[in-house]
>>> print(open('coords.pdb').read())   # PDB, C-alpha atoms
ATOM      1  CA  MET A   1      -1.439   6.681 -52.732
ATOM      2  CA  THR A   2      -0.062   3.766 -50.691
ATOM      3  CA  SER A   3       1.597   4.574 -47.382
ATOM      4  CA  THR A   4       4.402   2.392 -46.085
ATOM      5  CA  ALA A   5       4.082   1.156 -42.520
ATOM      6  CA  PRO A   6       7.008   2.217 -40.316
ATOM      7  CA  SER A   7       9.665  -0.396 -39.688
ATOM      8  CA  VAL A   8      10.457  -1.882 -36.291
ATOM      9  CA  ASP A   9      13.528   0.340 -35.948
ATOM     10  CA  GLU A  10      11.520   3.442 -36.833
ATOM     11  CA  LEU A  11       8.821   2.595 -34.276
ATOM     12  CA  VAL A  12      11.412   1.997 -31.574
ATOM     13  CA  LEU A  13      13.376   5.197 -32.252
ATOM     14  CA  ALA A  14      10.245   7.349 -32.468
ATOM     15  CA  ASN A  15       8.847   6.006 -29.201
ATOM     16  CA  LEU A  16      11.935   5.709 -27.000
ATOM     17  CA  PRO A  17      10.687   8.631 -24.832
ATOM     18  CA  LEU A  18       7.860   6.333 -23.674
ATOM     19  CA  VAL A  19      10.419   4.221 -21.824
ATOM     20  CA  GLY A  20      12.012   7.225 -20.139
ATOM     21  CA  TYR A  21       8.662   8.596 -19.059
ATOM     22  CA  ALA A  22       7.404   5.264 -17.691
ATOM     23  CA  VAL A  23      10.634   4.694 -15.748
ATOM     24  CA  SER A  24      10.665   8.227 -14.322
ATOM     25  CA  GLU A  25       7.021   7.961 -13.286
ATOM     26  CA  LEU A  26       7.679   4.628 -11.581
ATOM     27  CA  LEU A  27      10.785   5.812  -9.721
ATOM     28  CA  HIS A  28       8.663   8.375  -7.853
ATOM     29  CA  ARG A  29       6.669   5.541  -6.276
ATOM     30  CA  VAL A  30       9.301   2.949  -5.367
ATOM     31  CA  PRO A  31      12.225   2.834  -2.894
ATOM     32  CA  PRO A  32      15.460   4.585  -3.963
ATOM     33  CA  SER A  33      17.234   1.239  -4.047
ATOM     34  CA  VAL A  34      15.426   0.361  -7.288
ATOM     35  CA  SER A  35      17.837   0.687 -10.221
ATOM     36  CA  ARG A  36      16.894   3.102 -13.010
ATOM     37  CA  ASP A  37      19.201   1.310 -15.436
ATOM     38  CA  GLU A  38      17.583  -2.077 -14.848
ATOM     39  CA  LEU A  39      14.105  -0.626 -15.295
ATOM     40  CA  ALA A  40      15.170   1.235 -18.440
ATOM     41  CA  SER A  41      16.660  -1.951 -19.859
ATOM     42  CA  ALA A  42      13.446  -3.902 -19.208
ATOM     43  CA  GLY A  43      11.338  -1.092 -20.676
ATOM     44  CA  SER A  44      13.497  -0.818 -23.804
ATOM     45  CA  LEU A  45      13.260  -4.547 -24.420
ATOM     46  CA  ALA A  46       9.468  -4.341 -24.038
ATOM     47  CA  LEU A  47       9.391  -1.499 -26.587
ATOM     48  CA  VAL A  48      11.342  -3.564 -29.113
ATOM     49  CA  LEU A  49       9.093  -6.582 -28.586
ATOM     50  CA  ALA A  50       6.022  -4.370 -28.906
ATOM     51  CA  ALA A  51       7.316  -2.975 -32.209
ATOM     52  CA  ARG A  52       7.858  -6.481 -33.541
ATOM     53  CA  ALA A  53       4.416  -7.687 -32.470
ATOM     54  CA  TYR A  54       2.436  -4.558 -33.401
ATOM     55  CA  ASP A  55      -0.397  -5.020 -35.873
ATOM     56  CA  PRO A  56      -1.521  -1.646 -37.302
ATOM     57  CA  THR A  57      -4.723  -3.196 -38.652
ATOM     58  CA  THR A  58      -6.129  -3.315 -35.108
ATOM     59  CA  GLY A  59      -6.556   0.455 -35.169
ATOM     60  CA  VAL A  60      -4.874   0.853 -31.778
ATOM     61  CA  PRO A  61      -2.180   3.576 -31.841
ATOM     62  CA  PHE A  62       1.275   2.109 -31.379
ATOM     63  CA  ALA A  63       2.142   4.510 -28.541
ATOM     64  CA  ARG A  64      -0.811   3.309 -26.493
ATOM     65  CA  TYR A  65      -0.069  -0.342 -27.197
ATOM     66  CA  ALA A  66       3.628   0.061 -26.417
ATOM     67  CA  SER A  67       2.939   1.991 -23.211
ATOM     68  CA  LEU A  68       0.915  -0.916 -21.822
ATOM     69  CA  ARG A  69       3.631  -3.405 -22.790
ATOM     70  CA  ILE A  70       6.329  -1.215 -21.200
ATOM     71  CA  ARG A  71       4.413  -0.782 -17.947
ATOM     72  CA  GLY A  72       3.787  -4.513 -17.758
ATOM     73  CA  ALA A  73       7.494  -5.179 -18.246
ATOM     74  CA  LEU A  74       8.390  -2.724 -15.498
ATOM     75  CA  VAL A  75       6.004  -4.452 -13.086
ATOM     76  CA  ASP A  76       7.610  -7.796 -13.934
ATOM     77  CA  GLU A  77      11.054  -6.299 -13.375
ATOM     78  CA  LEU A  78       9.976  -4.959  -9.992
ATOM     79  CA  ARG A  79       8.660  -8.386  -9.079
ATOM     80  CA  SER A  80      12.037  -9.936  -9.910
ATOM     81  CA  MET A  81      13.812  -7.270  -7.815
ATOM     82  CA  ASP A  82      11.682  -7.961  -4.738
ATOM     83  CA  TRP A  83      13.999 -10.698  -3.477
ATOM     84  CA  ALA A  84      13.737  -9.789   0.218
ATOM     85  CA  SER A  85      10.983 -11.121   2.411
ATOM     86  CA  ARG A  86       8.801  -8.612   4.209
ATOM     87  CA  GLY A  87      10.028  -9.992   7.530
ATOM     88  CA  ALA A  88      13.677  -9.502   6.513
ATOM     89  CA  ARG A  89      13.104  -5.932   5.362
ATOM     90  CA  HIS A  90      11.231  -5.176   8.570
ATOM     91  CA  ARG A  91      14.053  -6.530  10.759
ATOM     92  CA  VAL A  92      16.572  -4.252   9.078
ATOM     93  CA  ARG A  93      14.347  -1.215   9.667
ATOM     94  CA  GLU A  94      13.601  -2.317  13.230
ATOM     95  CA  LEU A  95      17.298  -2.740  14.047
ATOM     96  CA  ALA A  96      18.146   0.723  12.724
ATOM     97  CA  GLY A  97      15.266   2.353  14.589
ATOM     98  CA  THR A  98      16.042   0.554  17.840
ATOM     99  CA  ALA A  99      19.737   1.467  17.630
ATOM    100  CA  GLU A 100      18.864   5.142  17.123
ATOM    101  CA  ARG A 101      16.469   5.206  20.090
ATOM    102  CA  LEU A 102      18.899   3.471  22.458
ATOM    103  CA  THR A 103      21.782   5.674  21.357
ATOM    104  CA  ALA A 104      19.721   8.753  22.169
ATOM    105  CA  THR A 105      18.614   7.314  25.519
ATOM    106  CA  LEU A 106      21.964   5.900  26.685
ATOM    107  CA  GLY A 107      24.207   8.551  25.183
ATOM    108  CA  ARG A 108      26.368   5.843  23.614
ATOM    109  CA  THR A 109      26.216   3.027  21.105
ATOM    110  CA  PRO A 110      24.092   0.176  22.528
ATOM    111  CA  THR A 111      25.522  -3.299  22.933
ATOM    112  CA  ARG A 112      24.200  -6.327  21.061
ATOM    113  CA  VAL A 113      22.612  -7.592  24.268
ATOM    114  CA  GLU A 114      20.805  -4.270  24.788
ATOM    115  CA  LEU A 115      19.612  -4.261  21.198
ATOM    116  CA  ALA A 116      18.321  -7.824  21.520
ATOM    117  CA  GLY A 117      16.475  -6.967  24.724
ATOM    118  CA  ALA A 118      14.849  -3.877  23.208
ATOM    119  CA  MET A 119      13.802  -5.816  20.105
ATOM    120  CA  GLY A 120      12.500  -8.792  22.090
ATOM    121  CA  THR A 121      14.778 -11.282  20.405
ATOM    122  CA  ASP A 122      18.198 -12.890  20.925
ATOM    123  CA  VAL A 123      21.720 -11.729  20.137
ATOM    124  CA  ALA A 124      22.030 -14.126  17.198
ATOM    125  CA  ALA A 125      19.027 -12.520  15.506
ATOM    126  CA  VAL A 126      20.544  -9.060  16.049
ATOM    127  CA  ASP A 127      23.791 -10.232  14.471
ATOM    128  CA  ARG A 128      21.966 -11.585  11.442
ATOM    129  CA  ALA A 129      20.020  -8.354  11.004
ATOM    130  CA  ALA A 130      23.258  -6.379  11.273
ATOM    131  CA  GLN A 131      24.866  -8.539   8.583
ATOM    132  CA  GLU A 132      21.848  -8.056   6.333
ATOM    133  CA  THR A 133      22.053  -4.299   6.843
ATOM    134  CA  ALA A 134      25.757  -4.217   5.988
ATOM    135  CA  ARG A 135      25.331  -6.298   2.833
ATOM    136  CA  ARG A 136      22.023  -4.699   1.773
ATOM    137  CA  VAL A 137      21.266  -8.131   0.361
ATOM    138  CA  LEU A 138      18.648  -9.977   2.401
ATOM    139  CA  SER A 139      18.988 -13.705   1.794
ATOM    140  CA  LEU A 140      16.102 -15.779   3.045
ATOM    141  CA  ASP A 141      18.346 -18.843   3.133
ATOM    142  CA  ALA A 142      20.496 -17.230   5.857
ATOM    143  CA  VAL A 143      17.622 -16.490   8.215
ATOM    144  CA  ASP A 144      16.034 -18.921  10.614
ATOM    145  CA  ALA A 145      12.311 -19.236   9.874
ATOM    146  CA  SER A 146      11.295 -18.734  13.513
ATOM    147  CA  VAL A 147      13.163 -15.412  13.608
ATOM    148  CA  GLY A 148      11.782 -14.335  10.239
ATOM    149  CA  ASP A 149       8.238 -14.750  11.482
ATOM    150  CA  LEU A 150       8.677 -12.788  14.720
ATOM    151  CA  VAL A 151       7.524  -9.493  13.204
ATOM    152  CA  ARG A 152       4.757  -9.049  10.696
ATOM    153  CA  ASP A 153       5.320  -6.398   8.006
ATOM    154  CA  ASP A 154       2.130  -5.037   6.445
ATOM    155  CA  ALA A 155       3.838  -2.389   4.327
ATOM    156  CA  PRO A 156       3.126  -2.790   0.592
ATOM    157  CA  ASN A 157       6.039  -3.862  -1.579
ATOM    158  CA  PRO A 158       7.061  -1.868  -4.700
ATOM    159  CA  GLU A 159       4.926  -4.005  -6.996
ATOM    160  CA  GLU A 160       1.812  -3.502  -4.862
ATOM    161  CA  VAL A 161       2.431   0.257  -4.682
ATOM    162  CA  LEU A 162       2.735   0.456  -8.461
ATOM    163  CA  LEU A 163      -0.358  -1.645  -9.146
ATOM    164  CA  THR A 164      -2.429   0.411  -6.710
ATOM    165  CA  ALA A 165      -1.294   3.660  -8.311
ATOM    166  CA  GLU A 166      -2.036   2.251 -11.763
ATOM    167  CA  ARG A 167      -5.571   1.254 -10.772
ATOM    168  CA  LEU A 168      -6.198   4.669  -9.227
ATOM    169  CA  HIS A 169      -4.972   6.296 -12.441
ATOM    170  CA  TRP A 170      -7.453   4.294 -14.514
ATOM    171  CA  LEU A 171     -10.230   4.775 -11.941
ATOM    172  CA  ARG A 172      -9.878   8.569 -12.115
ATOM    173  CA  ALA A 173     -10.006   8.405 -15.894
ATOM    174  CA  ALA A 174     -13.078   6.150 -15.773
ATOM    175  CA  VAL A 175     -14.959   8.417 -13.337
ATOM    176  CA  HIS A 176     -14.191  11.603 -15.236
ATOM    177  CA  THR A 177     -15.305   9.985 -18.512
ATOM    178  CA  LEU A 178     -18.713   8.850 -17.218
ATOM    179  CA  PRO A 179     -21.788  10.415 -18.806
ATOM    180  CA  ASP A 180     -22.739  13.605 -16.966
ATOM    181  CA  ARG A 181     -25.601  12.238 -14.851
ATOM    182  CA  LEU A 182     -23.722   9.126 -13.824
ATOM    183  CA  ARG A 183     -20.653  11.165 -12.940
ATOM    184  CA  VAL A 184     -22.708  13.547 -10.782
ATOM    185  CA  VAL A 185     -24.156  10.585  -8.869
ATOM    186  CA  VAL A 186     -20.795   8.834  -8.370
ATOM    187  CA  GLU A 187     -18.992  11.986  -7.290
ATOM    188  CA  GLY A 188     -21.888  13.047  -5.074
ATOM    189  CA  VAL A 189     -22.339   9.729  -3.283
ATOM    190  CA  PHE A 190     -18.747   8.501  -3.008
ATOM    191  CA  LEU A 191     -16.584  11.647  -3.096
ATOM    192  CA  GLN A 192     -18.750  14.455  -1.714
ATOM    193  CA  ASP A 193     -20.824  12.498   0.838
ATOM    194  CA  ARG A 194     -24.075  13.940  -0.512
ATOM    195  CA  SER A 195     -27.424  12.330   0.248
ATOM    196  CA  VAL A 196     -29.554  10.560  -2.327
ATOM    197  CA  ALA A 197     -32.363  13.057  -1.638
ATOM    198  CA  GLU A 198     -30.080  16.009  -2.398
ATOM    199  CA  LEU A 199     -28.895  14.459  -5.653
ATOM    200  CA  ALA A 200     -32.483  13.633  -6.643
ATOM    201  CA  ASP A 201     -33.466  17.296  -6.192
ATOM    202  CA  GLU A 202     -30.491  18.491  -8.224
ATOM    203  CA  LEU A 203     -31.138  16.083 -11.096
ATOM    204  CA  GLY A 204     -34.913  16.441 -10.980
ATOM    205  CA  VAL A 205     -35.540  12.716 -10.557
ATOM    206  CA  THR A 206     -36.820  10.416  -7.835
ATOM    207  CA  GLN A 207     -34.571   8.926  -5.174
ATOM    208  CA  SER A 208     -35.125   5.466  -6.609
ATOM    209  CA  ARG A 209     -33.872   6.762  -9.973
ATOM    210  CA  VAL A 210     -30.706   8.035  -8.301
ATOM    211  CA  SER A 211     -30.173   4.543  -6.884
ATOM    212  CA  GLN A 212     -30.622   3.103 -10.378
ATOM    213  CA  LEU A 213     -28.115   5.582 -11.796
ATOM    214  CA  ARG A 214     -25.624   4.655  -9.081
ATOM    215  CA  THR A 215     -25.980   0.958  -9.899
ATOM    216  CA  GLU A 216     -25.615   1.685 -13.620
ATOM    217  CA  ALA A 217     -22.545   3.849 -13.017
ATOM    218  CA  LEU A 218     -20.813   1.253 -10.852
ATOM    219  CA  ALA A 219     -21.420  -1.462 -13.451
ATOM    220  CA  LEU A 220     -20.046   0.790 -16.202
ATOM    221  CA  LEU A 221     -17.007   1.707 -14.102
ATOM    222  CA  ARG A 222     -16.336  -1.938 -13.303
ATOM    223  CA  ASP A 223     -16.469  -3.009 -16.931
ATOM    224  CA  GLY A 224     -14.558   0.088 -18.052
ATOM    225  CA  LEU A 225     -11.673  -0.734 -15.719
ATOM    226  CA  ASN A 226     -11.733  -4.471 -16.408
ATOM    227  CA  SER A 227     -11.771  -3.922 -20.174
ATOM    228  CA  HIS A 228      -8.239  -2.515 -19.855
ATOM    229  CA  LEU A 229      -6.852  -4.118 -16.683
ATOM    230  CA  GLU A 230      -8.624  -7.505 -16.493
ATOM    231  CA  PRO A 231     -10.303  -8.181 -19.880
ATOM    232  CA  ASP A 232     -11.221 -11.746 -18.885
ATOM    233  CA  LEU A 233     -13.538 -10.369 -16.182
ATOM    234  CA  VAL A 234     -15.749  -8.497 -18.660
ATOM    235  CA  ALA A 235     -18.828 -10.644 -19.175
ATOM    236  CA  PRO A 236     -20.017 -11.159 -22.765
ATOM    237  CA  VAL A 237     -23.216  -9.357 -23.745
ATOM    238  CA  GLU A 238     -26.273 -10.841 -25.420
ATOM    239  CA  ARG A 239     -26.334  -8.302 -28.272
ATOM    240  CA  PRO A 240     -22.756  -7.323 -29.183
ATOM    241  CA  ASP A 241     -24.036  -5.284 -32.146
ATOM    242  CA  GLY A 242     -26.719  -3.462 -30.164
ATOM    243  CA  VAL A 243     -26.855   0.235 -29.402
ATOM    244  CA  ALA A 244     -26.150  -0.280 -25.696
ATOM    245  CA  GLU A 245     -23.012  -2.273 -26.395
ATOM    246  CA  ARG A 246     -21.776   0.308 -28.915
ATOM    247  CA  ARG A 247     -22.169   2.972 -26.219
ATOM    248  CA  ARG A 248     -20.231   0.820 -23.772
ATOM    249  CA  GLN A 249     -17.415   0.308 -26.245
ATOM    250  CA  THR A 250     -17.336   4.042 -26.930
ATOM    251  CA  TYR A 251     -17.011   4.637 -23.206
ATOM    252  CA  PHE A 252     -14.209   2.047 -22.896
ATOM    253  CA  ALA A 253     -12.289   3.745 -25.713
ATOM    254  CA  ALA A 254     -12.827   7.163 -24.125
ATOM    255  CA  VAL A 255     -11.457   5.907 -20.798
ATOM    256  CA  ALA A 256      -8.328   4.580 -22.544
ATOM    257  CA  ALA A 257      -7.880   7.872 -24.392
ATOM    258  CA  ARG A 258      -8.166   9.907 -21.187
ATOM    259  CA  ALA A 259      -5.805   7.608 -19.271
ATOM    260  CA  ALA A 260      -3.245   7.820 -22.076
ATOM    261  CA  MET A 261      -3.638  11.597 -22.277
ATOM    262  CA  ASN A 262      -3.099  12.019 -18.544
ATOM    263  CA  ALA A 263      -0.102   9.688 -18.577
ATOM    264  CA  THR A 264       1.494  11.567 -21.478
ATOM    265  CA  ALA A 265       0.911  14.903 -19.785
ATOM    266  CA  GLY A 266       2.092  13.587 -16.447
ATOM    267  CA  ILE A 267      -1.072  14.784 -14.689
ATOM    268  CA  VAL A 268      -4.066  13.271 -12.945
ATOM    269  CA  PRO A 269      -7.327  15.226 -13.268
ATOM    270  CA  THR A 270      -8.810  16.368  -9.988
ATOM    271  CA  GLN A 271     -11.334  18.966 -11.196
ATOM    272  CA  ARG A 272     -14.501  18.282 -13.151
ATOM    273  CA  ALA A 273     -13.625  21.189 -15.401
ATOM    274  CA  GLN A 274     -10.653  19.217 -16.666
ATOM    275  CA  THR A 275     -12.968  16.690 -18.301
ATOM    276  CA  ASP A 276     -14.079  19.116 -21.012
ATOM    277  CA  SER A 277     -11.301  18.148 -23.416
ATOM    278  CA  ALA A 278     -11.815  14.384 -23.120
ATOM    279  CA  PRO A 279     -14.225  12.341 -25.242
ATOM    280  CA  SER A 280     -17.412  11.327 -23.484
ATOM    281  CA  VAL A 281     -20.580   9.365 -24.139
ATOM    282  CA  SER A 282     -24.205  10.162 -23.576
ATOM    283  CA  ALA A 283     -26.211   8.708 -20.761
TER     284      ALA A 283
END
>>> encode(input="coords.pdb", output="structure tokens")
Amino acid sequence: MTSTAPSVDELVLANLPLVGYAVSELLHRVPPSVSRDELASAGSLALVLAARAYDPTTGVPFARYASLRIRGALVDELRSMDWASRGARHRVRELAGTAERLTATLGRTPTRVELAGAMGTDVAAVDRAAQETARRVLSLDAVDASVGDLVRDDAPNPEEVLLTAERLHWLRAAVHTLPDRLRVVVEGVFLQDRSVAELADELGVTQSRVSQLRTEALALLRDGLNSHLEPDLVAPVERPDGVAERRRQTYFAAVAARAAMNATAGIVPTQRAQTDSAPSVSA
């Protein structure tokens, strides 16, 4: 019996909730000024393009493929929204904070001269920051470069926040999907601050073997993350059809399955007991 592949419209309609979930998840990690409608529009377009480009013969479930395309589109949309320089955003926050402090100290609204003195700048810079605050549109063309460089802003922008959260999501999935011995070593050394000697006693191996397991685990984690986030960084292997490579590929697939499962459920595993339902590979 021959099954008919779903059409583009059917794929889009059946998977529209992926856009809503991705947008809602992202809005929890970005400033409130980010527009839900603009993100939803970018995500919906990515879903349509994913449906048109999807090749079912790859064996990758459409939902997983579309989710990656949608998240990538949302990151691109955030990048296009980030039109304000860090210095400009910082000046707006600094002006508001300085005005609040002086108002509380003086018992009245501070003058422009007082604001400039407290901020260590001139009245013209205060006026520009006030205009930027009123418009909520920070144009780099309207700001003198010497003023824009007065204050350094190290706060991450929305794109950086999202990318960091995304990497942590995949890292958790990769750690929890490690073979048992490798997971014990990684969690013990890096999360529980346990000594190599203690781990060696628990596993019944030598301390040098624990060090080998740690090196093996870190290499597997690195390739597991890069296989999904930076495929070009995964070095080719000498025997792609060998047993070791098949185990690696099984691990990569298990990491993707766990990451997709956690994203769909809206949870991030924090207990080792939560790994029981996820596929794993043998050490």
>>> residues_around(input="coords.pdb", residues="Leu171 (chain A)", least_positions_apart="3", cutoff="8 Å", atoms="all atoms listed in the file", output="PyMOL selection string")
chain A and resi 167-168+174-175+221+225
>>> write_last_selection(input="coords.pdb", atoms="C-alpha atoms", output="PDB file, keeping the file's coordinate frame")
ATOM      1  CA  ARG A 167      -5.571   1.254 -10.772  1.00  0.00           C
ATOM      2  CA  LEU A 168      -6.198   4.669  -9.227  1.00  0.00           C
ATOM      3  CA  ALA A 174     -13.078   6.150 -15.773  1.00  0.00           C
ATOM      4  CA  VAL A 175     -14.959   8.417 -13.337  1.00  0.00           C
ATOM      5  CA  LEU A 221     -17.007   1.707 -14.102  1.00  0.00           C
ATOM      6  CA  LEU A 225     -11.673  -0.734 -15.719  1.00  0.00           C
TER       7      LEU A 225
END
>>> resolve_selection(input="coords.pdb", expression="the PyMOL selection byres ((chain A and resi 247) around 12)", output="number ranges by chain")
A: 178-179, 220, 224, 240-246, 248-254, 280-283
>>> residues_around(input="coords.pdb", residues="region 188-202 of chain A", least_positions_apart="3", cutoff="12 Å", atoms="all atoms listed in the file", output="ChimeraX atom specification")
/A:172,175,180-185,205-215,217-218,270
>>> residues_around(input="coords.pdb", residues="region 66-73 of chain A", least_positions_apart="5", cutoff="10 Å", atoms="only C-alpha atoms", output="PDB file with C-alpha atoms, keeping the file's coordinate frame")
ATOM      1  CA  LEU A  11       8.821   2.595 -34.276  1.00  0.00           C
ATOM      2  CA  VAL A  12      11.412   1.997 -31.574  1.00  0.00           C
ATOM      3  CA  ASN A  15       8.847   6.006 -29.201  1.00  0.00           C
ATOM      4  CA  LEU A  18       7.860   6.333 -23.674  1.00  0.00           C
ATOM      5  CA  VAL A  19      10.419   4.221 -21.824  1.00  0.00           C
ATOM      6  CA  TYR A  21       8.662   8.596 -19.059  1.00  0.00           C
ATOM      7  CA  ALA A  22       7.404   5.264 -17.691  1.00  0.00           C
ATOM      8  CA  VAL A  23      10.634   4.694 -15.748  1.00  0.00           C
ATOM      9  CA  LEU A  26       7.679   4.628 -11.581  1.00  0.00           C
ATOM     10  CA  LEU A  39      14.105  -0.626 -15.295  1.00  0.00           C
ATOM     11  CA  ALA A  40      15.170   1.235 -18.440  1.00  0.00           C
ATOM     12  CA  SER A  41      16.660  -1.951 -19.859  1.00  0.00           C
ATOM     13  CA  ALA A  42      13.446  -3.902 -19.208  1.00  0.00           C
ATOM     14  CA  GLY A  43      11.338  -1.092 -20.676  1.00  0.00           C
ATOM     15  CA  SER A  44      13.497  -0.818 -23.804  1.00  0.00           C
ATOM     16  CA  LEU A  45      13.260  -4.547 -24.420  1.00  0.00           C
ATOM     17  CA  ALA A  46       9.468  -4.341 -24.038  1.00  0.00           C
ATOM     18  CA  LEU A  47       9.391  -1.499 -26.587  1.00  0.00           C
ATOM     19  CA  VAL A  48      11.342  -3.564 -29.113  1.00  0.00           C
ATOM     20  CA  LEU A  49       9.093  -6.582 -28.586  1.00  0.00           C
ATOM     21  CA  ALA A  50       6.022  -4.370 -28.906  1.00  0.00           C
ATOM     22  CA  ALA A  51       7.316  -2.975 -32.209  1.00  0.00           C
ATOM     23  CA  ALA A  53       4.416  -7.687 -32.470  1.00  0.00           C
ATOM     24  CA  TYR A  54       2.436  -4.558 -33.401  1.00  0.00           C
ATOM     25  CA  PRO A  61      -2.180   3.576 -31.841  1.00  0.00           C
ATOM     26  CA  LEU A  78       9.976  -4.959  -9.992  1.00  0.00           C
ATOM     27  CA  ARG A  79       8.660  -8.386  -9.079  1.00  0.00           C
ATOM     28  CA  LEU A 162       2.735   0.456  -8.461  1.00  0.00           C
ATOM     29  CA  LEU A 163      -0.358  -1.645  -9.146  1.00  0.00           C
ATOM     30  CA  GLU A 166      -2.036   2.251 -11.763  1.00  0.00           C
ATOM     31  CA  HIS A 228      -8.239  -2.515 -19.855  1.00  0.00           C
ATOM     32  CA  LEU A 229      -6.852  -4.118 -16.683  1.00  0.00           C
ATOM     33  CA  ALA A 260      -3.245   7.820 -22.076  1.00  0.00           C
ATOM     34  CA  ALA A 263      -0.102   9.688 -18.577  1.00  0.00           C
ATOM     35  CA  THR A 264       1.494  11.567 -21.478  1.00  0.00           C
TER      36      THR A 264
END
>>> atom_distance(input="coords.pdb", atom1="CA of Ala129 (chain A)", atom2="CA of Asp76 (chain A)")
27.9 Å
>>> atom_distance(input="coords.pdb", atom1="CA of Asp122 (chain A)", atom2="CA of Gly97 (chain A)")
16.8 Å
>>> atom_distance(input="coords.pdb", atom1="CA of Ala5 (chain A)", atom2="CA of Asp55 (chain A)")
10.1 Å
>>> resolve_selection(input="coords.pdb", expression="the PyMOL selection byres ((chain A and resi 98) around 12)", output="CSV table (one decimal) with C-alpha atoms, in the frame of the given file")
chain,number,residue,atom,x,y,z
A,90,HIS,CA,11.2,-5.2,8.6
A,91,ARG,CA,14.1,-6.5,10.8
A,92,VAL,CA,16.6,-4.3,9.1
A,93,ARG,CA,14.3,-1.2,9.7
A,94,GLU,CA,13.6,-2.3,13.2
A,95,LEU,CA,17.3,-2.7,14.0
A,96,ALA,CA,18.1,0.7,12.7
A,97,GLY,CA,15.3,2.4,14.6
A,99,ALA,CA,19.7,1.5,17.6
A,100,GLU,CA,18.9,5.1,17.1
A,101,ARG,CA,16.5,5.2,20.1
A,102,LEU,CA,18.9,3.5,22.5
A,103,THR,CA,21.8,5.7,21.4
A,104,ALA,CA,19.7,8.8,22.2
A,105,THR,CA,18.6,7.3,25.5
A,106,LEU,CA,22.0,5.9,26.7
A,109,THR,CA,26.2,3.0,21.1
A,110,PRO,CA,24.1,0.2,22.5
A,111,THR,CA,25.5,-3.3,22.9
A,112,ARG,CA,24.2,-6.3,21.1
A,114,GLU,CA,20.8,-4.3,24.8
A,115,LEU,CA,19.6,-4.3,21.2
A,116,ALA,CA,18.3,-7.8,21.5
A,117,GLY,CA,16.5,-7.0,24.7
A,118,ALA,CA,14.8,-3.9,23.2
A,119,MET,CA,13.8,-5.8,20.1
A,120,GLY,CA,12.5,-8.8,22.1
A,126,VAL,CA,20.5,-9.1,16.0
A,129,ALA,CA,20.0,-8.4,11.0
A,130,ALA,CA,23.3,-6.4,11.3
>>> closest_residue(input="coords.pdb", among="A:Val113, A:Ala256, A:Val30, A:Val186", to="Glu216 (chain A)", atoms="all atoms listed in the file")
A:Val186
